[in-house]
Structures are given as C-alpha cells and as structure tokens.
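Participant: My structure is in coords_28.txt, and what it holds is compact mmCIF, C-alpha atoms:
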# COMPACT_ATOMS: atom_id res chain seq x y z
CA ASP A 1 0.00 0.00 0.00
CA ALA A 2 1.16 3.51 -0.81
CA GLY A 3 2.18 5.42 2.30
CA ILE A 4 -0.40 8.15 2.41
CA THR A 5 -2.36 9.32 5.44
CA GLN A 6 -4.90 12.02 6.09
CA SER A 7 -5.81 13.82 9.27
CA PRO A 8 -8.26 14.26 10.74
CA ARG A 9 -10.41 11.41 9.43
CA HIS A 10 -13.61 13.05 10.62
CA LYS A 11 -14.38 16.61 11.52
CA VAL A 12 -17.47 18.58 12.39
CA THR A 13 -17.14 22.33 12.33
CA GLU A 14 -19.34 25.39 12.30
CA THR A 15 -19.98 27.71 9.41
CA GLY A 16 -17.42 30.47 9.23
CA THR A 17 -14.61 28.69 11.04
CA PRO A 18 -11.27 27.91 9.40
CA VAL A 19 -10.41 24.27 8.81
CA THR A 20 -7.14 22.66 7.76
CA LEU A 21 -6.84 19.13 6.47
CA ARG A 22 -3.47 17.45 6.30
CA CYS A 23 -2.12 14.91 3.84
CA HIS A 24 1.14 13.13 4.54
CA GLN A 25 3.07 10.80 2.23
CA THR A 26 6.10 8.63 2.78
CA GLU A 27 6.71 7.89 -0.93
CA ASN A 28 8.58 11.09 -1.80
CA HIS A 29 6.40 11.64 -4.87
CA ARG A 30 6.40 15.00 -6.55
CA TYR A 31 2.69 15.27 -7.30
CA MET A 32 -0.02 15.53 -4.65
CA TYR A 33 -3.72 16.24 -5.05
CA TRP A 34 -6.81 17.21 -3.12
CA TYR A 35 -10.21 16.01 -4.35
CA ARG A 36 -13.69 16.24 -2.98
CA GLN A 37 -16.36 13.61 -3.52
CA ASP A 38 -20.04 14.36 -3.36
CA PRO A 39 -23.05 12.27 -4.37
CA GLY A 40 -23.84 12.84 -8.02
CA HIS A 41 -20.57 14.64 -8.72
CA GLY A 42 -17.95 11.92 -8.56
CA LEU A 43 -14.42 13.05 -7.81
CA ARG A 44 -13.59 16.69 -8.38
CA LEU A 45 -10.11 18.16 -8.23
CA ILE A 46 -9.67 21.08 -5.85
CA HIS A 47 -5.95 21.83 -6.01
CA TYR A 48 -2.79 19.97 -6.78
CA SER A 49 0.92 20.40 -6.18
CA TYR A 50 3.84 19.55 -8.44
CA GLY A 51 6.57 20.30 -5.93
CA VAL A 52 7.42 22.17 -2.78
CA LYS A 53 5.69 25.55 -2.91
CA ASP A 54 4.37 24.75 -6.40
CA THR A 55 0.60 24.46 -6.56
CA ASP A 56 -2.18 24.97 -9.05
CA LYS A 57 -5.96 25.15 -9.08
CA GLY A 58 -8.32 22.39 -10.03
CA GLU A 59 -11.91 22.64 -11.18
CA VAL A 60 -13.48 23.52 -7.80
CA SER A 61 -10.85 25.67 -6.08
CA ASP A 62 -13.03 28.56 -4.89
CA GLY A 63 -13.06 28.77 -1.10
CA TYR A 64 -9.97 26.58 -0.71
CA SER A 65 -6.26 27.25 -0.41
CA VAL A 66 -3.33 24.86 -0.19
CA SER A 67 0.25 24.87 0.93
CA ARG A 68 3.19 22.56 0.52
CA SER A 69 6.25 23.47 2.49
CA LYS A 70 7.70 19.95 2.52
CA THR A 71 7.60 17.17 -0.05
CA GLU A 72 5.72 14.90 2.32
CA ASP A 73 2.95 17.27 3.44
CA PHE A 74 0.12 18.91 1.52
CA LEU A 75 -2.35 21.02 3.46
CA LEU A 76 -5.84 22.02 2.39
CA THR A 77 -7.40 25.01 4.13
CA LEU A 78 -10.96 26.19 4.13
CA GLU A 79 -10.57 29.80 5.21
CA SER A 80 -14.20 30.17 6.25
CA ALA A 81 -16.11 26.92 6.03
CA THR A 82 -19.56 26.88 4.45
CA SER A 83 -22.22 24.18 4.41
CA SER A 84 -21.55 23.61 0.71
CA GLN A 85 -18.09 22.38 1.68
CA THR A 86 -19.54 19.45 3.59
CA SER A 87 -17.99 16.56 1.71
CA VAL A 88 -15.52 13.72 1.75
CA TYR A 89 -12.03 14.93 0.95
CA PHE A 90 -9.41 12.68 -0.58
CA CYS A 91 -5.74 13.32 -0.90
CA ALA A 92 -3.77 11.50 -3.59
CA ILE A 93 -0.20 11.09 -4.70
CA MET A 94 0.99 10.25 -8.18
CA SER A 95 3.87 7.97 -8.94
CA PRO A 96 6.25 8.51 -11.88
CA ARG A 97 4.14 5.84 -13.65
CA TYR A 98 1.12 8.18 -13.46
CA GLU A 99 -0.59 5.93 -10.93
CA GLN A 100 -2.55 7.88 -8.35
CA TYR A 101 -2.92 6.43 -4.89
CA PHE A 102 -5.48 7.81 -2.52
CA GLY A 103 -5.54 8.44 1.17
CA PRO A 104 -8.35 7.07 3.33
CA GLY A 105 -10.41 10.25 3.10
CA THR A 106 -11.63 12.89 5.54
CA ARG A 107 -15.33 13.29 6.20
CA LEU A 108 -16.00 16.97 6.86
CA THR A 109 -19.34 18.25 8.09
CA VAL A 110 -19.99 21.97 8.26
CA THR A 111 -23.02 22.82 10.41
CA ALA B 1 -9.47 17.92 -23.60
CA GLN B 2 -10.03 14.40 -22.39
CA LYS B 3 -13.24 12.68 -21.49
CA VAL B 4 -14.14 9.39 -19.85
CA THR B 5 -17.64 8.00 -20.11
CA GLN B 6 -19.09 5.26 -17.96
CA ALA B 7 -22.58 4.98 -19.31
CA GLN B 8 -23.72 2.36 -16.79
CA THR B 9 -24.60 4.17 -13.60
CA GLU B 10 -25.73 1.07 -11.74
CA ILE B 11 -25.58 -2.67 -12.41
CA SER B 12 -27.13 -5.41 -10.32
CA VAL B 13 -26.15 -9.05 -10.71
CA VAL B 14 -26.60 -12.25 -8.80
CA GLU B 15 -23.53 -13.82 -7.27
CA LYS B 16 -21.51 -16.01 -9.66
CA GLU B 17 -22.68 -14.11 -12.72
CA ASP B 18 -20.10 -12.50 -14.97
CA VAL B 19 -20.36 -8.74 -15.35
CA THR B 20 -18.68 -6.21 -17.62
CA LEU B 21 -18.25 -2.56 -16.77
CA ASP B 22 -17.87 -0.30 -19.77
CA CYS B 23 -15.47 2.60 -20.15
CA VAL B 24 -15.15 4.77 -23.24
CA TYR B 25 -12.57 7.49 -23.46
CA GLU B 26 -11.71 10.44 -25.68
CA THR B 27 -8.31 11.98 -26.16
CA ARG B 28 -6.32 13.39 -29.04
CA ASP B 29 -3.03 12.37 -27.52
CA THR B 30 -1.30 9.26 -28.74
CA THR B 31 0.35 8.59 -25.39
CA TYR B 32 -2.02 8.09 -22.51
CA TYR B 33 -2.71 5.85 -19.55
CA LEU B 34 -5.94 4.27 -18.43
CA PHE B 35 -6.89 3.17 -14.96
CA TRP B 36 -9.58 1.44 -12.98
CA TYR B 37 -10.28 2.16 -9.33
CA LYS B 38 -12.60 0.43 -6.89
CA GLN B 39 -14.47 2.20 -4.10
CA PRO B 40 -16.15 -0.31 -1.76
CA PRO B 41 -18.85 0.74 0.71
CA SER B 42 -16.13 1.46 3.29
CA GLY B 43 -15.15 4.43 1.14
CA GLU B 44 -11.50 4.04 0.28
CA LEU B 45 -10.33 4.30 -3.32
CA VAL B 46 -8.32 1.31 -4.43
CA PHE B 47 -6.08 1.29 -7.48
CA LEU B 48 -6.75 -1.78 -9.65
CA ILE B 49 -4.88 -1.43 -12.91
CA ARG B 50 -2.89 0.86 -15.20
CA ARG B 51 -2.67 0.42 -18.94
CA ASN B 52 -0.65 2.48 -21.41
CA SER B 53 -1.81 3.34 -24.90
CA PHE B 54 0.88 1.25 -26.56
CA ASP B 55 -0.05 -1.99 -24.91
CA GLU B 56 -3.33 -3.47 -26.09
CA GLN B 57 -2.80 -6.85 -24.51
CA ASN B 58 -5.65 -7.93 -22.34
CA GLU B 59 -4.86 -8.26 -18.67
CA ILE B 60 -6.14 -10.90 -16.31
CA SER B 61 -5.79 -10.92 -12.56
CA GLY B 62 -7.70 -13.69 -10.87
CA ARG B 63 -11.40 -13.09 -11.53
CA TYR B 64 -10.71 -9.65 -12.99
CA SER B 65 -9.89 -9.00 -16.63
CA TRP B 66 -9.52 -5.89 -18.70
CA ASN B 67 -10.08 -5.46 -22.42
CA PHE B 68 -8.36 -2.47 -24.01
CA GLN B 69 -9.38 -1.68 -27.59
CA LYS B 70 -7.99 1.44 -29.21
CA SER B 71 -10.20 0.96 -32.26
CA THR B 72 -13.28 1.61 -30.14
CA SER B 73 -11.58 3.78 -27.50
CA SER B 74 -12.73 1.41 -24.81
CA PHE B 75 -11.20 -0.08 -21.71
CA ASN B 76 -13.75 -2.49 -20.30
CA PHE B 77 -13.54 -4.37 -17.04
CA THR B 78 -14.98 -7.84 -16.55
CA ILE B 79 -15.51 -9.63 -13.28
CA THR B 80 -15.94 -13.36 -13.67
CA ALA B 81 -18.04 -15.28 -11.16
CA SER B 82 -18.92 -12.16 -9.22
CA GLN B 83 -19.01 -12.18 -5.44
CA VAL B 84 -20.75 -10.01 -2.88
CA VAL B 85 -17.36 -8.51 -1.98
CA ASP B 86 -17.19 -7.09 -5.50
CA SER B 87 -20.02 -4.72 -4.66
CA ALA B 88 -18.53 -1.25 -5.04
CA VAL B 89 -18.38 1.81 -7.22
CA TYR B 90 -15.85 1.39 -10.00
CA PHE B 91 -14.19 4.37 -11.65
CA CYS B 92 -12.38 4.47 -14.94
CA ALA B 93 -9.80 7.23 -15.44
CA LEU B 94 -7.37 8.59 -18.02
CA ILE B 95 -4.25 10.74 -18.04
CA THR B 96 -2.19 11.81 -21.01
CA GLY B 97 1.52 11.34 -21.21
CA GLY B 98 3.15 14.40 -19.70
CA GLY B 99 -0.14 15.37 -18.12
CA ASN B 100 -0.65 15.86 -14.42
CA LYS B 101 -4.39 15.51 -13.89
CA LEU B 102 -6.56 12.43 -14.05
CA THR B 103 -9.87 12.61 -15.85
CA PHE B 104 -12.37 10.37 -14.09
CA GLY B 105 -15.55 8.82 -15.31
CA THR B 106 -18.64 9.22 -13.17
CA GLY B 107 -18.42 5.68 -11.86
CA THR B 108 -20.52 2.54 -12.07
CA GLN B 109 -22.21 1.21 -8.95
CA LEU B 110 -22.04 -2.59 -8.97
CA LYS B 111 -24.33 -4.51 -6.64
CA VAL B 112 -23.79 -8.23 -6.31
CA GLU B 113 -26.60 -10.00 -4.52
CA LEU B 114 -26.88 -13.51 -3.15
Take the structure I supplied and represent it as structure tokens, if you would.
Facilitator:
Amino acid sequence: DAGITQSPRHKVTETGTPVTLRCHQTENHRYMYWYRQDPGHGLRLIHYSYGVKDTDKGEVSDGYSVSRSKTEDFLLTLESATSSQTSVYFCAIMSPRYEQYFGPGTRLTVT
Amino acid sequence: AQKVTQAQTEISVVEKEDVTLDCVYETRDTTYYLFWYKQPPSGELVFLIRRNSFDEQNEISGRYSWNFQKSTSSFNFTITASQVVDSAVYFCALITGGGNKLTFGTGTQLKVEL
C-alpha cells in the first residue's frame, strides 16, 4: 500500500470557522492532489501540487487554499467553512508511472 | 481535452454471474494511460490497474480481466463469477503522457446479490 495518510479522518465544524486538512506521504512523490467527492458529482479536483511551494488550481478551487512546504505534506485550508463544503475529501499522490494512490479520506461536516 | 464515459450508472447481478463494466474514453493524444479504481462501501479508493496506450494486450488478474481496444476507445472491465465482496463503485480514469491531472468517469455502482 502507498504510504499516504490524512488527518483528521472526521471533523465537524461550524460555518465560518477555518479548517485545515493534512495529507502526509512517505513515498517522496512530486505530485499531490486534493479532491472532494459528493453524491452525483464523482471526484472533483480542488488543487494539486507539483513540488514544494508549487501548486495549481483544479476545477473547484473557490473557497480553498493549499500549501506545501515539505515534499511529504500537503495542506488544504478552508478559510471560512460553508455548508456547501460538507464533503468527503481525498488526498492522492501520483507515482512517476502516473498511478494515483489515494488516502483514506476525511469526512467533513460543516453545520 | 479528455473525457471518460461510464454509461452504466448502476448494475445489479446475482452472485456467480459474470459482469462487464464499460469505459469509453476520448483523447487526441497518442500517449495516454488508463486506470480502474474500486471504491467499496467502506469508502477508500483502491487502485486496480494501469494500462498504457501502446499496450493493447488484455490483462487478467484472478477473476478480474480488462479489455483495451484502441479501435473503439474502450477499456472495459470484466468480473468473472462475481461475489458479494465485488459490490462497489468502479471508476475508470485517463491521463495523457506528460499530463498531471486524471480525468475520471462518473463511476458505475455494482451490486452483487446472493
């Protein structure tokens, strides 16, 4: 199994509060990704990173920011959480063979 | 732009039946990679297979087999003698050579009943 973990695994927060989700890899891969998964929408890319301090937007980036200060860590921040950001968030890493491996997911509920 | 279509949103079969999940893709690139992922009810996303555009050999892994046909832009997945544990959502995905973002299909929900 690819060495990728996410924390926290579950979180309940109130509207308007900041939230940070962490993704940690032990594979030393260059590419890391944040997706959200919602019923009826499949997997949607939020942001991705192609190296330390190198990030780019995905298709649903509004309301989210990311940071990558170390190869192994990729943080996703919701500056001011809204109910529409209630979702399951997956982090992924991509190997040089283009294979993406996913973390276990974080279930976020914004009340 | 790339596109992956999984026209079957939900399939129900009885255990021990064979089932094929369809995946049709679109890309103008000649170098690309195709994938299948499994998402069981527990929620994790499990990598199943990677195929590159230059290798059209069919792949078999136990009860799973994959049929890649460039002529029809398809990469279909067959489960032989299905089991209840095969119940999951299956996603097909594509990335082009040199690309950095996967394009996912919308997934097929497979239900295997006793």
Participant: Show which residues sit within 6 Å of region 90-107 of chain B, as a PyMOL selection string. Count only C-alpha atoms, and ignore same-chain residues fewer than 3 positions away.
Facilitator: (chain A and resi 42) or (chain B and resi 4-6+31-38)
Participant: Could you work out which residues of chain A fall inside 8 Å of chain B? Count all atoms listed in the file, and format the result as a PyMOL selection string.
Facilitator: chain A and resi 31+41-43+98-105
Participant: Keeping only C-alpha atoms, write the selected residues to a file as a short mmCIF file (atom, residue, chain, number, x, y, z; two decimals), in the frame of the given file.
Facilitator:
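Now in selection39.cif:
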data_model
loop_
_atom_site.label_atom_id
_atom_site.label_comp_id
_atom_site.auth_asym_id
_atom_site.auth_seq_id
_atom_site.Cartn_x
_atom_site.Cartn_y
_atom_site.Cartn_z
CA TYR A 31 2.69 15.27 -7.30
CA HIS A 41 -20.57 14.64 -8.72
CA GLY A 42 -17.95 11.92 -8.56
CA LEU A 43 -14.42 13.05 -7.81
CA TYR A 98 1.12 8.18 -13.46
CA GLU A 99 -0.59 5.93 -10.93
CA GLN A 100 -2.55 7.88 -8.35
CA TYR A 101 -2.92 6.43 -4.89
CA PHE A 102 -5.48 7.81 -2.52
CA GLY A 103 -5.54 8.44 1.17
CA PRO A 104 -8.35 7.07 3.33
CA GLY A 105 -10.41 10.25 3.10
#
Participant: So which residues touch Phe77 (chain B) within 9 Å, counting all atoms listed in the file, skipping near sequence neighbours fewer than 2 positions away, as a PyMOL selection string?
Facilitator: chain B and resi 19-23+36+64-68+75+79
Participant: If I put a ball of radius 6 Å at (-3.4, 22.8, -5.6) in the file's coordinates, which residues poke into it when counting all atoms listed in the file, written as an MDAnalysis selection string?
Facilitator: chainID A and resid 47:49 55:57 66
Participant: Which value, in Å to one decimal, gives the distance between CA of Ser69 (chain A) and CA of Lys11 (chain A)?
Facilitator: 23.5 Å
Participant: Figure out the distance between CA of Pro39 (chain A) and CA of Thr5 (chain A), please, to one decimal in Å.
Facilitator: 23.1 Å
Participant: From the set A:Ser7, A:Thr111, A:Ser65, A:Thr77, which residue has the shortest atom-to-atom contact distance to His24 (chain A), counting all atoms listed in the file?
Facilitator: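 For His24 (chain A), the nearest of the candidates is A:Ser7.
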Participant: Hey, what's within 9 Å of Thr82 (chain A) if we count all atoms listed in the file and toss same-chain stuff fewer than 5 positions away? As a list in words, please?
Facilitator: Glu14, Thr15, Gly16, Thr17, Gly63, Val110 and Thr111 of chain A
Participant: For the atom pair CA of Asn76 (chain B) and CA of Leu45 (chain A), what is the interatomic distance in Å to one decimal place?
Facilitator: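 Atom-to-atom, CA of Asn76 (chain B) and CA of Leu45 (chain A) are spaced 24.2 Å apart.
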Participant: If we count all atoms listed in the file and set the cut-off at 6 Å, which residues sit around Arg36 (chain A), ignoring sequence neighbours fewer than 2 positions away in its own chain? Please answer as a list of chain:residue names.
Facilitator: A:Leu43, A:Arg44, A:Val88, A:Tyr89
Participant: Using only C-alpha atoms, find the one residue out of B:Val85, B:Arg63, B:Gln39, B:Asn58 that sits nearest to Gln37 (chain A).
Facilitator: B:Gln39
Participant: Restricting the calculation to all atoms listed in the file: of A:Ile46, A:Ala92, A:Ala81, A:Val52, which residue gets closest to Glu27 (chain A)?
Facilitator: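 Checking each of A:Ile46, A:Ala92, A:Ala81, A:Val52 against Glu27 (chain A), counting all atoms listed in the file, the winner is A:Ala92.
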Participant: When distances are computed from only C-alpha atoms, which of A:Phe74, A:Tyr50, A:Tyr64, A:Tyr35 shows the smallest separation from Val19 (chain A)?
Facilitator: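 Among the listed residues, A:Tyr64 lies closest to Val19 (chain A).
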Participant: Set the distance at 8 Å and use only C-alpha atoms: which residues neighbour Gly51 (chain A) once local chain neighbours fewer than 6 positions away are removed? I'd like the list as an mmCIF file with C-alpha atoms, in the frame of the given file.
Facilitator:
data_model
loop_
_atom_site.group_PDB
_atom_site.id
_atom_site.type_symbol
_atom_site.label_atom_id
_atom_site.label_comp_id
_atom_site.auth_asym_id
_atom_site.auth_seq_id
_atom_site.Cartn_x
_atom_site.Cartn_y
_atom_site.Cartn_z
ATOM 1 C CA ARG A 30 6.400 15.000 -6.550
ATOM 2 C CA TYR A 31 2.690 15.270 -7.300
ATOM 3 C CA ARG A 68 3.190 22.560 0.520
ATOM 4 C CA THR A 71 7.600 17.170 -0.050
#
Participant: From (-22.8, -12.0, -9.1), in the file's coordinates, out to 9 Å: which residues are reached, counting all atoms listed in the file? Answer as a PyMOL selection string.
Facilitator: chain B and resi 12-19+79-84+86-87+111-114
